[in-house]
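Asker: Once you've had a glance at the structure underneath, I'll fire off some questions.
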Amino acid sequence: MDAQQPIADGGSQATESRLAQPSPASPQAPVSSETPPGAPGVPHQARHNGLRVPILAAIVAIVLQTILTPLTLLVWPIVFPDQIVDDAYMFLRYADRMAAEGRICWNPGGPLTYGLTSPLYGVWVCVVRWLFPGDPSRIMTLAALGPALCLLPLMLAVLARAARKTGAATWAALLALLLVMRSPFFNHLILVHGFTGMDTTFAALYVAACLSLWRRLHDSPTRGRTWTAGLSGAFTFLVRPDLLVFPAGALLGLGFLSVDAAERRASRISLVIMGAGLAVIALTAWLVFGTPVPLSFYAKNTAAYGEGFAAAYAGVSASELNMFWKTYAPLLVLAGLYALSLAAPRRARLHALDAGMVVGVGAFIVYQRFLLLPVMHYYQRFLVPALPVLVWLAWCGLWEVTACLRSRVSDRAANGCLRGAAGAGACVTGFVLFSWTPVERGFESGEHPGLPSLLDTSRTLLDGVARGEFSQFDITANYRARFGGYWHRLDEFSKLPDDLCIATTEVGYPGVMNPGKRIIDLAGLNDTRLMLGGFDMEAMLLRERPDLIYMPYPDYKGLVRALREAPTFREDYEEFAPESLGNKAFGLALRRAGAHYHRLREITLVKSSPR
């Protein structure tokens with residue numbers, strides 16, 4: 001069968017019924033002599049051609065600003081303090097091992113390890129590392145910022161493709177939505193998550209790409225699109241397992257609610273392909289790594305660390321959801337109202353894909369609120385990948401409102417409103433691009449930066465070049481500036497030979513600053529034997545013989561107790577309390593029989609005393 005032909009020819013009556021109804025994806029309603037020229041479902045072509053240029057120019061200008069402002073932060077990191085989180089460097093350590101050994105492992109010569117929640121993001125980090133070798137902090141900044149910069153243009157393309165079919169009226173709605181979402185989208189998603197180094201922006205971009213695929217499957221269910229939708233759904237597991245609710249919801253909606261028989265059949269085939277792909281991925285992981293799911297995902301969905309650890313995070317999920325609501329309230333209100341409008345069975349069938357995505361979003365929020373242990377929950381990063389779906393649902397709601405108003409006003413009034421919206425968009429864009437506000441006022445804090453103009457950005461960039469501070473990234477300087485209070489004298493310990501073995505629960509900076517050393521992850525996120533073996537600390541000490549132990553983070557009460565109760569720890573290690581190290585976050589223990597004991601103790605005893 002040709003890849004460009006529908007999978008089935010049946011369902012013609014249902015197809016005609018569906019096409020007779022206007023929807024955001026298929027708004028072409030039959031035109032009769034009684035239908036006014038500007039009604040919803042009637043293409044607006046020559047009459048509004050003049051409006052397309054200023055609207056598209058405003059969109060391009062905003063995208064241009066999105067690209068140029070983070071560029072300054074990227075090439076002049078002194079202005080924008082490093083905010084890459086510790087866990088992000090785990091991806092780079094795996095990339096280092098892949099480059100050196102061609103194996104997915106955590107330690108040099110160590111066993112294969114399923115330690116990354118997002119293996120596909122790990123592949124992306126490998127690509128960035130190969131293209132832009134250099135300082136680890138620069139690599140991770142590029143890895144997270146690249147997808148963040150691509151996400152807004154991709155979402156604009158998805159929305160504009162639907163807006164193009166509905167005529168000029170919905171271009172105004174698109175511009176209004178863009179202006180509503182722009183500030184939090186830019187500040188929160190790009191300038192915050194784009195600089196954490198984590199997989200958050202990559203996951204959001206993947207969901208946006210899948211959304212585009214689902215729309216195309218809805219428009220024309222060909223064989224190629226059927227297979228692509230199914231395989232992309234399966235690979236979602238390798239982006240982040242909890243995101244599976246989105247392809248599952250979308251394909252279930254199309255497969256069981258659509259009025260088009262060909263579309264239902266294609267979507268059900270996609271579901272089968274997705275299920276088979278997931279089975280292959282899980283079975284392969286089980287055979288290769290000894291676990292069907294990533295170790296970190298396993299830890300966050302089981303009581304691996306005991307009830308006390310879970311109690312330390314009580315209320316965090318509700319707080320994160322509340323902050324997410326405050327940040328994206330306009331989007332959530334529009335999306336919520338549209339979701340309520342789909343409650344009627346007839347409307348759900350007419351908007352099958354949207355109804356399926358509503359179910360996916362609902363399942364995602366329930367999971368994040370009640371089932372997930374929110375370890376490392378900063379900046380609502382677990383919720384952010386849902387943004388592309390929420391943006392689409394919000395646009396659908398805004399489209400319906402715009403179409404309803406458009407059908408109730410005269411052509412002259414509609415044209416005036418459209419020109420007014422375009423003019424307002426141009427004014428706002430011009431203000432953003434050419435404001436003369438000093439750039440120093442734009443960067444209010446590292447966590448919540450402001451929004452400098454294009455001219456401010458250009459002047460800052462030229463100033464940084466003139467000062468010789470262009471692209472200065474330094475992982476050791478980042479550690480000293482932001483994380484010196486966590487690992488006591490890690491920069492000095494890192495200078496010791498590679499036969500030194502370090503054990504800790506927070507492994508990002510230790511791992512990337514010591515690429516040739518063995519780093520034992522006491523939290524088990526990169527150690528299958530510890531995670532699946534019940535955190536047997538005595539067996540770990542006998543097997544690994546770590547020379548230096550950074551005591552587990554205080555929230556890991558069970559791990560701290562198990563480590564201190566291990567006979568080998570009591571007999572072979574000298575422990576230093578956090579207070580004796582200058583109130584550091586972690587205590588420290590040294591193996592007395594280790595080859596580097598005396599040098600380790602010498603470094604440790606600078607402003608410290610034994611416990």
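Letters A, B, ... mark the chains of the structure tokens in the order given; residue numbers begin at 1 per chain; ligand numbers begin at 1, in order shown.
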Per residue of range 68-151 of chain A within 8 Å of range 198-207 of chain A, what are the shortest atom pair and its distance in Å to one decimal, counting only C-alpha atoms, with rows by chain and residue number, as a tab-separated table?
Answerer:
```
residue	atom	partner	partner_atom	distance
A:Ile84	CA	A:Met198	CA	7.8
A:Val85	CA	A:Met198	CA	7.5
A:Asp87	CA	A:Met198	CA	7.5
A:Ala88	CA	A:Met198	CA	5.0
A:Ser118	CA	A:Asp199	CA	7.0
A:Tyr121	CA	A:Asp199	CA	6.1
A:Met140	CA	A:Met198	CA	7.9
A:Ala144	CA	A:Thr201	CA	6.1
A:Leu145	CA	A:Thr201	CA	7.5
A:Pro147	CA	A:Phe202	CA	5.3
A:Ala148	CA	A:Thr201	CA	5.2
A:Cys150	CA	A:Leu205	CA	7.3
A:Leu151	CA	A:Leu205	CA	5.3
```
Asker: Might you pull out every residue within 6 Å of range 249-259 of chain A, with only C-alpha atoms counted and same-chain residues fewer than 4 positions away left off, and present them as a list in words?
Answerer: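 So the residues in contact are Ala14, Val245, Arg264, Ser267, Arg268, Arg349, Ala352, Leu353, Gly356, Met357, Val359 and Gly360 of chain A.
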Asker: Go ahead and save the picked residues with all heavy atoms, as a JSON list (two decimals), in the first residue's frame.
Answerer:
```json
[["chain", "number", "residue", "atom", "x", "y", "z"],
["A", 14, "ALA", "N", -19.05, 8.61, 8.09],
["A", 14, "ALA", "CA", -18.55, 9.25, 9.31],
["A", 14, "ALA", "C", -17.59, 10.38, 8.98],
["A", 14, "ALA", "O", -17.58, 11.41, 9.64],
["A", 14, "ALA", "CB", -17.85, 8.20, 10.19],
["A", 245, "VAL", "N", 1.82, 8.92, 29.16],
["A", 245, "VAL", "CA", 0.38, 9.21, 29.22],
["A", 245, "VAL", "C", -0.06, 10.09, 28.05],
["A", 245, "VAL", "O", -1.23, 10.03, 27.64],
["A", 245, "VAL", "CB", 0.01, 9.89, 30.55],
["A", 245, "VAL", "CG1", 0.23, 8.94, 31.73],
["A", 245, "VAL", "CG2", 0.79, 11.18, 30.76],
["A", 264, "ARG", "N", -9.69, 5.80, 13.10],
["A", 264, "ARG", "CA", -9.75, 4.88, 14.25],
["A", 264, "ARG", "C", -8.85, 3.67, 14.01],
["A", 264, "ARG", "O", -8.11, 3.26, 14.91],
["A", 264, "ARG", "CB", -11.20, 4.41, 14.47],
["A", 264, "ARG", "CG", -12.13, 5.48, 15.00],
["A", 264, "ARG", "CD", -13.38, 4.86, 15.61],
["A", 264, "ARG", "NE", -14.08, 3.99, 14.67],
["A", 264, "ARG", "CZ", -15.01, 4.40, 13.81],
["A", 264, "ARG", "NH1", -15.34, 5.69, 13.77],
["A", 264, "ARG", "NH2", -15.61, 3.56, 13.00],
["A", 267, "SER", "N", -5.09, 4.63, 14.23],
["A", 267, "SER", "CA", -4.67, 4.92, 15.60],
["A", 267, "SER", "C", -4.56, 3.65, 16.44],
["A", 267, "SER", "O", -3.66, 3.53, 17.27],
["A", 267, "SER", "CB", -5.65, 5.90, 16.24],
["A", 267, "SER", "OG", -5.71, 7.10, 15.50],
["A", 268, "ARG", "N", -5.46, 2.71, 16.22],
["A", 268, "ARG", "CA", -5.37, 1.45, 16.95],
["A", 268, "ARG", "C", -4.13, 0.67, 16.54],
["A", 268, "ARG", "O", -3.48, 0.03, 17.38],
["A", 268, "ARG", "CB", -6.63, 0.63, 16.73],
["A", 268, "ARG", "CG", -7.86, 1.26, 17.38],
["A", 268, "ARG", "CD", -9.14, 0.50, 17.05],
["A", 268, "ARG", "NE", -10.31, 1.19, 17.58],
["A", 268, "ARG", "CZ", -11.56, 0.76, 17.45],
["A", 268, "ARG", "NH1", -11.80, -0.36, 16.77],
["A", 268, "ARG", "NH2", -12.57, 1.45, 17.96],
["A", 349, "ARG", "N", -16.33, 13.28, 20.51],
["A", 349, "ARG", "CA", -16.11, 12.50, 19.28],
["A", 349, "ARG", "C", -15.66, 13.40, 18.13],
["A", 349, "ARG", "O", -14.86, 13.00, 17.30],
["A", 349, "ARG", "CB", -17.41, 11.77, 18.91],
["A", 349, "ARG", "CG", -17.72, 10.60, 19.83],
["A", 349, "ARG", "CD", -19.03, 9.93, 19.44],
["A", 349, "ARG", "NE", -19.00, 9.39, 18.09],
["A", 349, "ARG", "CZ", -18.45, 8.22, 17.77],
["A", 349, "ARG", "NH1", -17.88, 7.48, 18.71],
["A", 349, "ARG", "NH2", -18.48, 7.78, 16.52],
["A", 352, "ALA", "N", -11.73, 14.25, 18.83],
["A", 352, "ALA", "CA", -11.23, 13.03, 19.48],
["A", 352, "ALA", "C", -9.79, 13.19, 19.97],
["A", 352, "ALA", "O", -9.45, 12.77, 21.08],
["A", 352, "ALA", "CB", -11.32, 11.86, 18.50],
["A", 353, "LEU", "N", -8.93, 13.79, 19.15],
["A", 353, "LEU", "CA", -7.54, 13.94, 19.56],
["A", 353, "LEU", "C", -7.42, 14.85, 20.77],
["A", 353, "LEU", "O", -6.70, 14.54, 21.73],
["A", 353, "LEU", "CB", -6.71, 14.50, 18.40],
["A", 353, "LEU", "CG", -5.24, 14.80, 18.71],
["A", 353, "LEU", "CD1", -4.52, 13.55, 19.20],
["A", 353, "LEU", "CD2", -4.54, 15.37, 17.49],
["A", 356, "GLY", "N", -8.53, 13.06, 23.87],
["A", 356, "GLY", "CA", -7.50, 12.14, 24.34],
["A", 356, "GLY", "C", -6.38, 12.85, 25.05],
["A", 356, "GLY", "O", -5.85, 12.36, 26.07],
["A", 357, "MET", "N", -5.98, 14.03, 24.56],
["A", 357, "MET", "CA", -4.92, 14.79, 25.22],
["A", 357, "MET", "C", -5.37, 15.33, 26.57],
["A", 357, "MET", "O", -4.58, 15.43, 27.51],
["A", 357, "MET", "CB", -4.44, 15.91, 24.31],
["A", 357, "MET", "CG", -3.58, 15.41, 23.15],
["A", 357, "MET", "SD", -2.72, 16.73, 22.26],
["A", 357, "MET", "CE", -4.08, 17.45, 21.34],
["A", 359, "VAL", "N", -7.39, 13.75, 28.57],
["A", 359, "VAL", "CA", -7.25, 12.60, 29.46],
["A", 359, "VAL", "C", -5.79, 12.40, 29.83],
["A", 359, "VAL", "O", -5.45, 12.12, 31.00],
["A", 359, "VAL", "CB", -7.82, 11.33, 28.79],
["A", 359, "VAL", "CG1", -7.51, 10.10, 29.62],
["A", 359, "VAL", "CG2", -9.32, 11.47, 28.58],
["A", 360, "GLY", "N", -4.87, 12.57, 28.86],
["A", 360, "GLY", "CA", -3.46, 12.42, 29.14],
["A", 360, "GLY", "C", -2.97, 13.44, 30.15],
["A", 360, "GLY", "O", -2.22, 13.11, 31.07]]
```
Asker: Show which residues sit within 9 Å of Phe364 in chain A, as JSON, numbers by chain. Count only C-alpha atoms, and ignore same-chain residues fewer than 4 positions away.
Answerer: {"A": [242, 243, 244, 245, 246, 359, 360, 368, 369, 383, 386]}
Asker: Any idea what's packed within 9 Å of range 294-311 of chain A, counting only C-alpha atoms, ignoring anything in its chain fewer than 4 positions away? Could you give it as number ranges by chain?
Answerer: A: 113-119, 240-242, 285, 315, 371-375, 523-528, 531-532, 534-535, 555-559
Asker: What does the structure give for the distance between CA of Phe483 in chain A and CA of Leu189 in chain A, in Å to one decimal?
Answerer: 23.5 Å
